[in-house]
Amino acid sequence: MKVHEYQARDLFKTYNIPVNDYKLVSNAKEAREASMAWKQVVVKAQVLVGGRGKAGGVKLANSPEEVEAKAAVISGLEIGGYRVDKMLVCDSASIEKEYYLGLILDRSRQGITLMLTDQGGVDIEELAEINPSAIHRLTLHPHKGIDGATLDSFLANSISLEGLRRQAISTIKNLYSLFLENDASLVEINPYALTPGGKMLALDSKINFDDNALFKHPEIEALRNPEESSPDELEARTKGLSFVSLDGDIGCMVNGAGLAMATLDLIELHGGKAANFLDVGGSSNPQKAVDALGIILRNNRIKAILINIFGGITRCDDIANGLLMARKKLDIDVPLIIRLVGTNEKEGRAILKEAGLDAIYDLDDAVRKVIRAARGVS
Ligand code: GDP
Ligand code: MN
């Protein structure tokens with residue numbers, strides 16, 4: 001789960017990570033009022049994507065009038081598909097140098113990797129391509145915490161920070177606590193800025209949280225922004241279905257996340273494009289099939305639907321009954337290709353047969369068939 005910069009900043013403050021002063025506003029007039037106490041001000045679009053600066057969503061202003069004018073421009077923008085409906089007004093910091101400081105859950109190194117560079121401000125993915133050696137990394141073991149001496153020598157040998165190391169060490173330790181205690185998967189400060197007065201400040205803040213750990217953190221879950229998910233994804237979540245919108249034309253309903261991923265891979269392999277990932281889970285509730293098909297069918301790009309069930313806990317007869325229920329309740333106007341094997345397969349196939357539906361045994365056959373159906377060839 002992603003959060004807005006202002007939400008991440010609030011969390012930074014509770015962890016004593018120094019930031020410049022800020023206020024959240026929703027229009028240009030409010031921006032002007034919020035900025036009165038400050039000489040130079042930065043107005044920032046709050047959208048759930050990075051690269052706002054390049055898109056014109058971050059602007060400096062030197063008077064209340066200018067703040068209002070620039071906020072009016074920013075509030076009319078659309079950035080990365082998101083309309084701007086909130087802005088952050090900040091007491092602008094003078095910048096001597098821009099650093100980048102990040103922590104990521106790093107499966108390849110089996111730890112949490114600290115990333116640092118003295119070439120901050122720019123897009124870090126871009127830097128990783130053009131000058132990878134400028135990014136310094138230290139992998140931390142989640143059970144061992146951070147040892148101050150190790151961090152000090154890492155800093156000394158990477159970006160130096162002579163005289164500023166105490167500030168950076170404190171911020172890194174606090175950021176690490178924030179990361180662990182809230183089950184983050186990524187935290188980034190870019191730019192992590194040095195001011196002419198010798199202060200190190202987080203001028204931007206980004207946090208991603210591990211969705212699967214959110215049940216432990218209701219206060220983080222409460223930060224969820226509905227615009228992060230499509231309406232279909234939101235509805236699926238309330239119905240206990242795991243659903244992700246994709247941009248193809250083949251609807252998929254599968255039991256089990258791993259099987260659903262493998263199904264998407266096979267569709268891709270055979271030249272098709274899936275419209276969604278959908279895991280109906282392992283439960284034997286026919287209503288789930290109805291809910292799932294309802295959500296899939298609402299997408300008007302759908303040209304055919306593949307149902308791939310490998311029954312373990314899920315019983316094929318329950319799925320078959322669910323499909324018949326769905327046929328009665330929903331207007332299914334696209335070809336339905338069903339692959340059904342596993343627990344109570346015989347019963348399930350018999351139920352479908354009686355209703356005039358065939359089930360395929362082999363997944364490869366089913367995938368080829370659904371792709372042909374989506375192309376309108378049989
Ligand atoms: P992003 O483009 O979405 O990453 O948004 P940022 O918050 O990182 O802002 C983009 C750029 O604006 C930064 O890299 C800085 O160069 C600049 N910027 C952001 N905040 C301030 C500030 O308080 N003072 C100054 N002078 N520049 C800032
Ligand atoms: Mn940034």
# chains A, B, ... in the order shown; residues from 1 in each chain; ligands from 1

$ residues_around --residues "Asn212 in chain A" --least-positions-apart "6" --cutoff "12 Å" --atoms "only C-alpha atoms" --output "PyMOL selection string"
chain A and resi 1+182-185+221+242

$ residues_around --residues "Ser245 in chain A" --least-positions-apart "3" --cutoff "10 Å" --atoms "only C-alpha atoms" --output "list in words"
Ser229, Ser230, Pro231, Asp232, Glu233, Gly248, Gly251, Ala274, Ala275, Asn276, Phe277, Leu278, Ile296 and Asn299 of chain A

$ closest_atom_pairs --of "chain A" --to "ligand 2" --cutoff "8 Å" --atoms "only C-alpha atoms and all ligand atoms" --output "JSON lines"
{"residue": "A:Gly50", "atom": "CA", "partner": "ligand 2", "partner_atom_place_in_ligand_line": "1 (Mn)", "distance": 6.6}
{"residue": "A:Gly51", "atom": "CA", "partner": "ligand 2", "partner_atom_place_in_ligand_line": "1 (Mn)", "distance": 6.8}
{"residue": "A:Arg52", "atom": "CA", "partner": "ligand 2", "partner_atom_place_in_ligand_line": "1 (Mn)", "distance": 7.7}
{"residue": "A:Gly53", "atom": "CA", "partner": "ligand 2", "partner_atom_place_in_ligand_line": "1 (Mn)", "distance": 7.6}
{"residue": "A:Gly121", "atom": "CA", "partner": "ligand 2", "partner_atom_place_in_ligand_line": "1 (Mn)", "distance": 6.2}
{"residue": "A:Val122", "atom": "CA", "partner": "ligand 2", "partner_atom_place_in_ligand_line": "1 (Mn)", "distance": 7.5}
{"residue": "A:Asp123", "atom": "CA", "partner": "ligand 2", "partner_atom_place_in_ligand_line": "1 (Mn)", "distance": 7.7}
{"residue": "A:Ile189", "atom": "CA", "partner": "ligand 2", "partner_atom_place_in_ligand_line": "1 (Mn)", "distance": 7.0}
{"residue": "A:Asn190", "atom": "CA", "partner": "ligand 2", "partner_atom_place_in_ligand_line": "1 (Mn)", "distance": 4.4}
{"residue": "A:Pro191", "atom": "CA", "partner": "ligand 2", "partner_atom_place_in_ligand_line": "1 (Mn)", "distance": 5.6}
{"residue": "A:Leu203", "atom": "CA", "partner": "ligand 2", "partner_atom_place_in_ligand_line": "1 (Mn)", "distance": 7.7}
{"residue": "A:Asp204", "atom": "CA", "partner": "ligand 2", "partner_atom_place_in_ligand_line": "1 (Mn)", "distance": 5.1}
{"residue": "A:Ser205", "atom": "CA", "partner": "ligand 2", "partner_atom_place_in_ligand_line": "1 (Mn)", "distance": 7.1}

$ residues_around --residues "range 369-372 of chain A" --least-positions-apart "4" --cutoff "7 Å" --atoms "only C-alpha atoms" --output "PyMOL selection string"
chain A and resi 272+304-306+337+365+376-378

$ write_last_selection --atoms "N, CA and C atoms" --output "CSV table (one decimal), in the first residue's frame"
chain,number,residue,atom,x,y,z
A,272,GLY,N,-1.9,-14.3,-25.6
A,272,GLY,CA,-3.1,-13.6,-25.2
A,272,GLY,C,-2.7,-12.6,-24.1
A,304,ALA,N,-13.5,-12.8,-23.6
A,304,ALA,CA,-13.8,-14.2,-23.2
A,304,ALA,C,-13.3,-14.4,-21.8
A,305,ILE,N,-13.8,-15.4,-21.1
A,305,ILE,CA,-13.4,-15.6,-19.7
A,305,ILE,C,-12.9,-17.1,-19.5
A,306,LEU,N,-11.8,-17.2,-18.8
A,306,LEU,CA,-11.2,-18.5,-18.5
A,306,LEU,C,-11.4,-18.7,-17.0
A,337,ILE,N,-14.8,-20.3,-20.9
A,337,ILE,CA,-14.0,-21.5,-21.1
A,337,ILE,C,-13.7,-22.1,-19.7
A,365,ASP,N,-4.8,-26.6,-23.1
A,365,ASP,CA,-5.9,-26.6,-24.1
A,365,ASP,C,-6.9,-25.5,-23.8
A,376,GLY,N,-12.2,-14.2,-31.5
A,376,GLY,CA,-13.4,-14.5,-32.3
A,376,GLY,C,-13.3,-15.6,-33.3
A,377,VAL,N,-12.3,-16.5,-33.1
A,377,VAL,CA,-12.2,-17.7,-33.9
A,377,VAL,C,-12.4,-18.9,-33.1
A,378,SER,N,-13.0,-19.9,-33.7
A,378,SER,CA,-13.3,-21.1,-32.8
A,378,SER,C,-12.5,-22.3,-33.2

$ residues_around --residues "Ala374 in chain A" --least-positions-apart "6" --cutoff "8 Å" --atoms "only C-alpha atoms" --output "JSON, numbers by chain"
{"A": [249, 250, 303, 304, 335]}

$ write_last_selection --atoms "N, CA and C atoms" --output "short mmCIF file (atom, residue, chain, number, x, y, z; two decimals), in the first residue's frame"
data_model
loop_
_atom_site.label_atom_id
_atom_site.label_comp_id
_atom_site.auth_asym_id
_atom_site.auth_seq_id
_atom_site.Cartn_x
_atom_site.Cartn_y
_atom_site.Cartn_z
N ASP A 249 -7.79 -8.52 -22.49
CA ASP A 249 -9.22 -8.73 -22.77
C ASP A 249 -9.74 -10.11 -22.34
N ILE A 250 -8.90 -10.89 -21.65
CA ILE A 250 -9.34 -12.21 -21.19
C ILE A 250 -9.55 -12.19 -19.68
N LYS A 303 -13.42 -10.07 -23.68
CA LYS A 303 -13.91 -10.76 -24.88
C LYS A 303 -14.17 -12.23 -24.62
N ALA A 304 -13.55 -12.78 -23.58
CA ALA A 304 -13.77 -14.19 -23.20
C ALA A 304 -13.29 -14.36 -21.76
N PRO A 335 -17.83 -15.77 -24.42
CA PRO A 335 -17.55 -17.20 -24.24
C PRO A 335 -16.90 -17.49 -22.88
#

$ select_by_dssp --residues "range 206-331 of chain A" --states "strand (DSSP E or B)" --output "number ranges by chain"
A: 206-209, 242-245, 250-254, 274, 276-279, 304-311

$ residues_around --residues "Arg349 in chain A" --least-positions-apart "5" --cutoff "8 Å" --atoms "only C-alpha atoms" --output "PDB file with N, CA and C atoms, in the first residue's frame"
ATOM      1  N   CYS A 316     -15.080 -28.998  -6.813  1.00  0.00           N
ATOM      2  CA  CYS A 316     -15.533 -28.700  -8.177  1.00  0.00           C
ATOM      3  C   CYS A 316     -17.054 -28.603  -8.273  1.00  0.00           C
ATOM      4  N   ASP A 317     -17.784 -29.382  -7.463  1.00  0.00           N
ATOM      5  CA  ASP A 317     -19.251 -29.295  -7.547  1.00  0.00           C
ATOM      6  C   ASP A 317     -19.757 -27.944  -7.030  1.00  0.00           C
ATOM      7  N   ALA A 320     -19.121 -25.549  -9.811  1.00  0.00           N
ATOM      8  CA  ALA A 320     -20.108 -25.767 -10.883  1.00  0.00           C
ATOM      9  C   ALA A 320     -21.446 -25.134 -10.505  1.00  0.00           C
ATOM     10  N   LEU A 340     -11.706 -27.666 -15.226  1.00  0.00           N
ATOM     11  CA  LEU A 340     -12.156 -28.093 -13.902  1.00  0.00           C
ATOM     12  C   LEU A 340     -11.549 -29.457 -13.568  1.00  0.00           C
ATOM     13  N   ASP A 358     -19.447 -27.572 -21.081  1.00  0.00           N
ATOM     14  CA  ASP A 358     -18.348 -28.539 -21.083  1.00  0.00           C
ATOM     15  C   ASP A 358     -17.206 -28.035 -20.243  1.00  0.00           C
ATOM     16  N   ALA A 359     -16.506 -28.961 -19.583  1.00  0.00           N
ATOM     17  CA  ALA A 359     -15.297 -28.552 -18.864  1.00  0.00           C
ATOM     18  C   ALA A 359     -14.098 -29.243 -19.500  1.00  0.00           C
TER      19      ALA A 359
END

$ residues_around --residues "Lys97 in chain A" --least-positions-apart "4" --cutoff "8 Å" --atoms "only C-alpha atoms" --output "NGL selection string"
:A and (118 or 193-195)

$ write_last_selection --atoms "C-alpha atoms" --output "PDB file, in the first residue's frame"
ATOM      1  CA  ASP A 118      25.265  11.950  -2.704  1.00  0.00           C
ATOM      2  CA  ALA A 193      18.913  17.759   1.830  1.00  0.00           C
ATOM      3  CA  LEU A 194      21.769  19.585   3.471  1.00  0.00           C
ATOM      4  CA  THR A 195      20.888  23.212   4.226  1.00  0.00           C
TER       5      THR A 195
END

$ residues_around --residues "Leu88 in chain A" --least-positions-apart "4" --cutoff "7 Å" --atoms "only C-alpha atoms" --output "list in words"
Tyr6, Tyr22, Lys23, Leu24, Val25, Val43, Lys44, Ala45 and Gln46 of chain A

$ atom_distance --atom1 "CA of Gln287 in chain A" --atom2 "CA of Lys273 in chain A"
26.7 Å

$ closest_residue --among "A:Asn225, A:Thr238, A:Thr117, A:Ser108" --to "Glu188 in chain A" --atoms "only C-alpha atoms"
A:Thr117

$ atom_distance --atom1 "CA of Glu68 in chain A" --atom2 "CA of Asp91 in chain A"
14.7 Å

$ select_by_dssp --residues "range 139-339 of chain A" --states "helix (DSSP H, G or I)" --output "ChimeraX atom specification"
/A:148-157,165-181,211-216,218-221,226-228,231-238,257-269,286-297,316-329

$ closest_residue --among "A:Val334, A:Ile95, A:Ala37, A:Ala289" --to "ligand 1" --atoms "only C-alpha atoms and all ligand atoms"
A:Ile95

$ closest_residue --among "A:Glu162, A:Ala149, A:Pro286, A:Ala156" --to "Ala326 in chain A" --atoms "only C-alpha atoms"
A:Pro286

$ closest_residue --among "A:Val290, A:Leu140, A:Ile302, A:Ile220" --to "Ile104 in chain A" --atoms "only C-alpha atoms"
A:Leu140

$ closest_residue --among "A:Met115, A:Lys206, A:Met36, A:Gly145" --to "ligand 1" --atoms "only C-alpha atoms and all ligand atoms"
A:Lys206

$ closest_residue --among "A:Gly356, A:Gly240, A:Gly102, A:Gly256" --to "Ile124 in chain A" --atoms "only C-alpha atoms"
A:Gly102
